[in-house]
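Text of the file coords_25.cif, holding mmCIF, C-alpha atoms:
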data_coords
loop_
_atom_site.label_atom_id
_atom_site.label_comp_id
_atom_site.auth_asym_id
_atom_site.auth_seq_id
_atom_site.Cartn_x
_atom_site.Cartn_y
_atom_site.Cartn_z
CA MET A 1 76.44 113.24 127.56
CA ARG A 2 74.71 116.09 125.77
CA SER A 3 75.18 117.72 122.39
CA CYS A 4 77.63 120.58 122.29
CA PRO A 5 76.65 123.76 120.40
CA VAL A 6 78.97 125.63 118.07
CA GLY A 7 80.79 128.33 120.00
CA SER A 8 81.35 132.01 119.39
CA PRO A 9 83.51 133.07 116.41
CA SER A 10 85.53 135.42 118.59
CA LEU A 11 86.90 132.55 120.68
CA TRP A 12 88.00 130.67 117.59
CA ARG A 13 89.65 133.74 116.09
CA MET A 14 91.80 134.00 119.21
CA VAL A 15 92.93 130.40 118.78
CA ARG A 16 93.63 130.97 115.08
CA ARG A 17 95.82 133.96 115.79
CA ALA A 18 97.74 131.97 118.38
CA SER A 19 98.65 129.07 116.08
CA ARG A 20 99.48 128.96 112.36
CA ALA A 21 99.49 125.21 112.04
CA LEU A 22 97.82 122.28 113.74
CA GLY A 23 100.01 120.03 115.73
CA THR A 24 100.86 122.46 118.50
CA VAL A 25 98.84 123.65 121.46
CA ALA A 26 97.67 127.24 121.10
CA CYS A 27 97.65 129.28 124.31
CA LEU A 28 96.99 132.95 124.89
CA ALA A 29 98.31 134.02 128.27
CA ALA A 30 101.20 135.57 130.13
CA PRO A 31 104.37 133.42 130.01
CA CYS A 32 104.20 132.52 133.69
CA ALA A 33 100.73 131.03 133.22
CA LEU A 34 101.49 129.03 130.07
CA ALA A 35 103.33 126.25 131.89
CA ALA A 36 100.64 125.97 134.54
CA GLN A 37 97.72 124.67 132.45
CA THR A 38 97.88 122.02 129.74
CA VAL A 39 95.59 119.79 127.69
CA SER A 40 96.51 116.14 127.16
CA PRO A 41 96.57 114.99 124.46
CA PRO A 42 96.50 118.09 122.23
CA ILE A 43 95.75 115.98 119.11
CA ALA A 44 93.80 112.72 118.79
CA GLU A 45 93.08 110.51 115.76
CA TYR A 46 90.45 107.81 115.45
CA GLN A 47 89.01 105.63 112.72
CA GLU A 48 85.48 106.75 111.81
CA ARG A 49 84.17 107.18 115.39
CA ALA A 50 85.56 108.51 118.65
CA ARG A 51 84.68 107.56 122.19
CA SER A 52 87.46 109.01 124.24
CA SER A 53 88.57 111.74 126.64
CA PHE A 54 91.17 114.42 127.25
CA GLN A 55 92.49 115.99 130.42
CA LEU A 56 92.87 119.58 131.54
CA ILE A 57 95.66 119.89 134.09
CA ASN A 58 95.79 122.67 136.65
CA THR A 59 99.18 122.86 138.36
CA THR A 60 98.50 126.20 140.03
CA ILE A 61 97.60 126.82 143.67
CA PHE A 62 94.24 128.39 142.80
CA PRO A 63 91.09 126.94 141.16
CA LEU A 64 90.36 127.58 137.48
CA ASN A 65 87.15 127.86 135.48
CA ALA A 66 86.77 126.18 132.09
CA VAL A 67 84.23 126.73 129.30
CA LEU A 68 84.27 124.36 126.30
CA GLU A 69 83.26 125.04 122.69
CA VAL A 70 83.42 122.87 119.55
CA HIS A 71 84.47 124.34 116.19
CA GLY A 72 85.24 123.26 112.68
CA PHE A 73 88.31 124.55 110.87
CA THR A 74 90.13 124.67 107.56
CA VAL A 75 93.85 124.97 106.85
CA THR A 76 95.39 127.11 104.10
CA GLU A 77 98.23 126.08 101.77
CA GLN A 78 100.62 127.89 104.13
CA GLY A 79 99.40 125.95 107.16
CA GLU A 80 97.31 128.73 108.73
CA VAL A 81 94.25 127.53 110.65
CA LEU A 82 91.04 129.35 109.66
CA GLU A 83 87.66 129.44 111.31
CA ALA A 84 84.91 127.31 109.79
CA PRO A 85 81.47 126.50 111.19
CA LEU A 86 80.98 122.99 112.49
CA ASP A 87 78.36 121.31 110.33
CA THR A 88 76.32 119.74 113.10
CA SER A 89 74.04 118.03 110.57
CA LYS A 90 77.01 115.89 109.44
CA VAL A 91 79.39 115.90 112.43
CA ARG A 92 78.01 115.07 115.86
CA VAL A 93 79.96 115.74 119.06
CA LYS A 94 78.79 115.07 122.61
CA LEU A 95 80.70 116.27 125.66
CA SER A 96 80.38 115.15 129.26
CA ALA A 97 80.46 118.79 130.42
CA MET A 98 80.38 122.24 128.86
CA SER A 99 81.68 124.21 131.84
CA PHE A 100 83.27 123.25 135.14
CA ARG A 101 85.77 124.25 137.82
CA ILE A 102 89.21 122.65 138.15
CA PRO A 103 90.46 122.66 141.75
CA ALA A 104 94.03 123.69 142.52
CA LYS A 105 96.64 121.03 141.70
CA GLN A 106 93.95 118.83 140.14
CA THR A 107 93.17 117.29 136.75
CA TYR A 108 89.73 117.32 135.11
CA THR A 109 88.81 114.66 132.54
CA VAL A 110 86.40 115.54 129.73
CA PHE A 111 84.73 112.58 128.02
CA TYR A 112 83.35 112.86 124.51
CA GLU A 113 81.80 110.93 121.64
CA ALA A 114 82.01 111.91 118.00
CA SER A 115 80.75 110.55 114.69
CA ALA A 116 80.24 111.84 111.16
CA ASP A 117 78.19 110.93 108.09
CA SER A 118 81.28 110.78 105.86
CA MET A 119 85.01 110.40 106.40
CA PRO A 120 87.40 111.97 106.98
CA ALA A 121 86.13 114.62 109.40
CA TRP A 122 87.81 116.91 111.90
CA PHE A 123 86.97 119.42 114.61
CA ASN A 124 88.45 121.25 117.57
CA ILE A 125 87.33 121.28 121.21
CA VAL A 126 88.54 124.58 122.67
CA SER A 127 88.83 125.00 126.44
CA ALA A 128 88.77 128.60 127.60
CA ILE A 129 90.49 128.69 131.01
CA THR A 130 90.07 131.63 133.37
CA GLY A 131 91.17 132.28 136.93
CA ALA A 132 94.92 132.13 136.32
CA LYS A 133 96.93 135.12 137.50
CA THR A 134 100.31 136.59 136.72
CA GLU A 135 102.86 137.34 139.42
CA SER A 136 101.53 140.92 139.48
CA GLY A 137 97.98 139.66 140.09
CA LEU A 138 96.66 140.25 136.56
CA ASN A 139 93.92 137.81 135.50
CA VAL A 140 94.63 135.97 132.23
CA ARG A 141 92.61 133.82 129.84
CA ILE A 142 94.12 130.71 128.27
CA LEU A 143 92.79 128.81 125.23
CA LEU A 144 93.69 125.13 124.99
CA PRO A 145 92.57 123.22 121.86
CA HIS A 146 92.05 119.47 121.64
CA VAL A 147 92.05 118.64 117.90
CA VAL A 148 90.20 115.50 116.79
CA TYR A 149 90.48 113.70 113.43
CA LEU A 150 88.01 110.99 112.38
CA ASN A 151 89.94 109.09 109.71
CA GLN A 152 88.59 106.96 106.91
CA LYS A 153 89.26 103.20 106.90
CA ALA A 154 91.38 103.28 103.74
CA PRO A 155 94.78 104.90 104.34
CA LEU A 156 96.27 107.58 102.13
CA ARG A 157 98.21 105.90 99.30
CA LYS A 158 101.55 106.88 97.82
CA GLU A 159 100.13 107.41 94.34
CA GLN A 160 97.69 109.99 95.74
CA VAL A 161 100.48 112.38 96.80
CA VAL A 162 102.56 114.51 94.43
CA LEU A 163 105.51 116.81 95.09
CA ARG A 164 104.55 119.84 92.99
CA ALA A 165 107.35 122.36 93.56
CA ILE A 166 110.24 123.47 95.72
CA ALA A 167 111.47 127.00 96.40
CA LEU A 168 114.85 127.82 97.92
CA ASP A 169 114.99 131.02 99.99
CA SER A 170 118.69 131.60 100.64
CA ALA A 171 117.99 134.76 102.66
CA SER A 172 115.99 132.91 105.32
CA GLY A 173 117.81 129.59 104.97
CA LYS A 174 114.58 127.74 104.19
CA LEU A 175 113.68 125.21 101.55
CA ARG A 176 109.95 125.28 100.84
CA VAL A 177 108.27 122.13 99.56
CA GLN A 178 104.80 121.98 97.99
CA LEU A 179 102.78 118.76 98.25
CA GLU A 180 99.37 117.96 96.80
CA ASN A 181 96.91 115.31 97.97
CA LEU A 182 95.03 114.17 94.86
CA GLY A 183 92.77 111.74 96.69
CA PRO A 184 89.79 111.79 99.08
CA ASN A 185 91.71 110.38 102.06
CA LEU A 186 93.31 112.25 104.95
CA GLY A 187 96.93 111.42 105.71
CA ARG A 188 99.64 112.74 107.99
CA VAL A 189 103.13 113.77 106.96
CA GLN A 190 105.45 112.60 109.73
CA GLN A 191 108.52 114.50 108.57
CA VAL A 192 110.16 116.15 105.57
CA THR A 193 113.91 116.22 104.94
CA ALA A 194 116.17 117.45 102.15
CA ALA A 195 119.66 116.25 101.26
CA ALA A 196 122.62 117.04 99.01
CA GLY A 197 125.69 114.83 99.23
CA LYS A 198 126.54 114.57 102.92
CA THR A 199 124.33 117.54 103.84
CA THR A 200 120.94 116.62 105.33
CA SER A 201 118.42 119.06 106.73
CA PRO A 202 116.93 118.75 110.21
CA PRO A 203 113.53 117.05 109.84
CA GLY A 204 110.65 119.41 109.26
CA ALA A 205 107.58 119.24 111.46
CA GLY A 206 104.74 116.83 110.67
CA PHE A 207 101.26 117.97 109.64
CA PRO A 208 97.98 116.58 108.30
CA LEU A 209 97.59 116.50 104.52
CA PHE A 210 93.90 117.08 103.86
CA PRO A 211 91.96 115.56 100.93
CA HIS A 212 92.34 117.36 97.59
CA MET A 213 94.60 119.96 99.18
CA VAL A 214 97.87 121.66 98.29
CA ARG A 215 100.19 122.31 101.23
CA TRP A 216 103.54 124.10 101.59
CA THR A 217 106.03 123.07 104.25
CA GLU A 218 109.63 124.07 104.89
CA VAL A 219 112.91 122.77 106.26
CA GLU A 220 116.14 124.46 107.30
CA TRP A 221 118.64 124.54 104.45
CA PRO A 222 122.19 125.99 104.24
CA GLU A 223 122.91 128.91 101.93
CA GLY A 224 124.75 128.15 98.69
CA VAL A 225 123.88 124.44 98.61
CA ALA A 226 121.47 123.12 95.98
CA PRO A 227 119.22 120.33 97.33
CA GLU A 228 119.43 117.06 95.41
CA ARG A 229 116.73 115.04 97.13
CA VAL A 230 113.55 115.59 99.16
CA THR A 231 112.15 112.80 101.34
CA VAL A 232 108.61 112.90 102.72
CA ARG A 233 107.74 110.23 105.27
CA PHE A 234 104.17 109.10 105.98
CA ALA A 235 103.05 106.34 108.35
CA ARG A 236 102.75 103.69 105.61
CA PHE A 237 105.07 104.89 102.86
CA THR A 238 107.93 107.23 102.02
CA MET A 239 108.29 109.53 98.99
CA ASP A 240 111.90 109.98 97.89
CA THR A 241 112.20 112.55 95.08
CA VAL A 242 115.42 113.30 93.21
CA LEU A 243 115.64 116.97 92.17
CA SER A 244 117.32 118.47 89.15
CA ALA A 245 117.33 122.04 90.50
CA PRO A 246 115.22 124.09 92.91
CA GLY A 247 112.22 125.70 91.28
CA SER A 248 109.83 128.50 92.01
CA PRO A 249 106.22 128.22 93.19
#

Is it possible to express this structure as structure tokens?
Amino acid sequence: MRSCPVGSPSLWRMVRRASRALGTVACLAAPCALAAQTVSPPIAEYQERARSSFQLINTTIFPLNAVLEVHGFTVTEQGEVLEAPLDTSKVRVKLSAMSFRIPAKQTYTVFYEASADSMPAWFNIVSAITGAKTESGLNVRILLPHVVYLNQKAPLRKEQVVLRAIALDSASGKLRVQLENLGPNLGRVQQVTAAAGKTTSPPGAGFPLFPHMVRWTEVEWPEGVAPERVTVRFARFTMDTVLSAPGSP
């Protein structure tokens, strides 16, 4: 394996515009090409070090070219992913290949190793795929991120997380919930739900809660009903908060 350099900012900006929150694969391409190329898994978590792999799957009838780049990133309170340089003096990533060709109907496996001087750490391996074509023959470019988290040994603890505020938007039918991580450990919210009497919201999507970070999330909520309880589930604990009335951010 060889060290992977930080890639061009323009490539990362394309990925950022394609996805507002980590946890989903970001692809830029025509709809007919989106289902044809995938990365598996899109997200991977390890404790302190990583020695693993991911696969790029080409289900088309023509070969594809792939170019890989490694980036750092930050996430805003609203869940938007922003470009950040990868600090290669503290985070080290080695890839088995930086560019290659994926034959038609084949899968290519990329092996990698990663370590960091301090935990937690995170980065993104972006695969830029070219060679795919639309039904009209137009060439398209697809960006597939593989997001890697290097977690600390100590898990996030319940006392390190605080529910700061809620905001009910009756026009959009959303209940917004603000969480704050007071500690130095990375954790992952598995789901958020709200309830009032027999009314329970569909579970909101999971997301990483970064150290010393405030994060807004939202769940579907019916108009005219005041939420009475918000439940936030993590891997090792659950926060169940009784509300007096919805507040404003």

Å distance separating atom CA of Phe234 of chain A from atom CA of Leu82 of chain A, one decimal place: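 If I compute the distance from atom CA of Phe234 of chain A to atom CA of Leu82 of chain A, I get 24.4 Å.
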
Here is a test: counting only C-alpha atoms, which residue of A:Pro227, A:Pro41, A:Pro222, A:Pro202 is nearest to Ala167 of chain A?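 The answer is A:Pro227, which sits nearest to Ala167 of chain A.
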
Could you list the residues chosen by the PyMOL selection byres ((chain A and resi 228) around 7) in this structure as a short mmCIF file (atom, residue, chain, number, x, y, z; two decimals) with C-alpha atoms, in the frame of the given file?
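Ended up saving to expr-v3.cif:
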data_model
loop_
_atom_site.label_atom_id
_atom_site.label_comp_id
_atom_site.auth_asym_id
_atom_site.auth_seq_id
_atom_site.Cartn_x
_atom_site.Cartn_y
_atom_site.Cartn_z
CA ALA A 195 119.66 116.25 101.26
CA ALA A 196 122.62 117.04 99.01
CA ALA A 226 121.47 123.12 95.98
CA PRO A 227 119.22 120.33 97.33
CA ARG A 229 116.73 115.04 97.13
CA VAL A 242 115.42 113.30 93.21
CA LEU A 243 115.64 116.97 92.17
CA SER A 244 117.32 118.47 89.15
#

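For the structure in this document, the set picked by the PyMOL selection byres ((chain A and resi 84) around 8) is His71, Gly72, Phe73, Thr74, Leu82, Glu83, Pro85 and Leu86 of chain A.
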
For those residues, write C-alpha atoms to a file as an mmCIF file, in the frame of the given file.
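Final output, part-v6.cif:
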data_model
loop_
_atom_site.group_PDB
_atom_site.id
_atom_site.type_symbol
_atom_site.label_atom_id
_atom_site.label_comp_id
_atom_site.auth_asym_id
_atom_site.auth_seq_id
_atom_site.Cartn_x
_atom_site.Cartn_y
_atom_site.Cartn_z
ATOM 1 C CA HIS A 71 84.470 124.340 116.190
ATOM 2 C CA GLY A 72 85.240 123.260 112.680
ATOM 3 C CA PHE A 73 88.310 124.550 110.870
ATOM 4 C CA THR A 74 90.130 124.670 107.560
ATOM 5 C CA LEU A 82 91.040 129.350 109.660
ATOM 6 C CA GLU A 83 87.660 129.440 111.310
ATOM 7 C CA PRO A 85 81.470 126.500 111.190
ATOM 8 C CA LEU A 86 80.980 122.990 112.490
#

Coordinates-based distance that separates atom CA of Thr76 of chain A from atom CA of Pro203 of chain A (Å, one decimal):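 Computing the Euclidean distance for atom CA of Pro203 of chain A and atom CA of Thr76 of chain A yields 21.5 Å.
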
Would you pick out the contacts of Phe123 of chain A at 12 Å or less, using all atoms listed in the file, so that residues sharing its chain but fewer than 6 positions from it are not included, and give the list as number ranges by chain? A: 6, 12, 22, 43-45, 50, 69-75, 81-88, 90-93, 114-116, 145-151

From the set A:Met213, A:Val230, A:Ile102, A:Met239, which residue has the shortest atom-to-atom contact distance to Gly79 of chain A, counting all atoms listed in the file?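 Using all atoms listed in the file, the shortest distance to Gly79 of chain A belongs to A:Met213.
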
Best match for closeness to Asp169 of chain A among A:Ala121, A:Pro184, A:Leu138, A:Val225, counting only C-alpha atoms: A:Val225

Going by the chain IDs and residue numbers used in this file, which residues fall under the PyMOL selection byres ((chain A and resi 174) around 6)? Write them as a PyMOL selection string. chain A and resi 169+172-173+175+219-221

For Glu113 of chain A, the closest of A:Ala171, A:Phe54, A:Val162, A:Thr59 counting only C-alpha atoms is A:Phe54

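As for atom CA of Arg215 of chain A and atom CA of Arg164 of chain A, they are spaced 9.6 Å apart.
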
Pick out the closest residue to Gly187 of chain A from this set: A:Leu163, A:Ala235, A:Met119, A:Val214. Count all atoms listed in the file.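 For Gly187 of chain A, the nearest of the candidates is A:Ala235.
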
Would you please work out which residue, of A:Pro208, A:Gly224, A:Pro42, A:Gly197, is nearest to Ser170 of chain A when using all atoms listed in the file?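 With all atoms listed in the file as the atom set, the closest residue is A:Gly224.
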
Show me, as JSON, the centre and edge lengths in Å to one decimal of the axis-aligned box that covers every listed atom of segment 64-70 of chain A with 6 Å on each side.
{"center_x": 86.8, "center_y": 125.4, "center_z": 128.5, "size_x": 19.1, "size_y": 17.0, "size_z": 29.9}
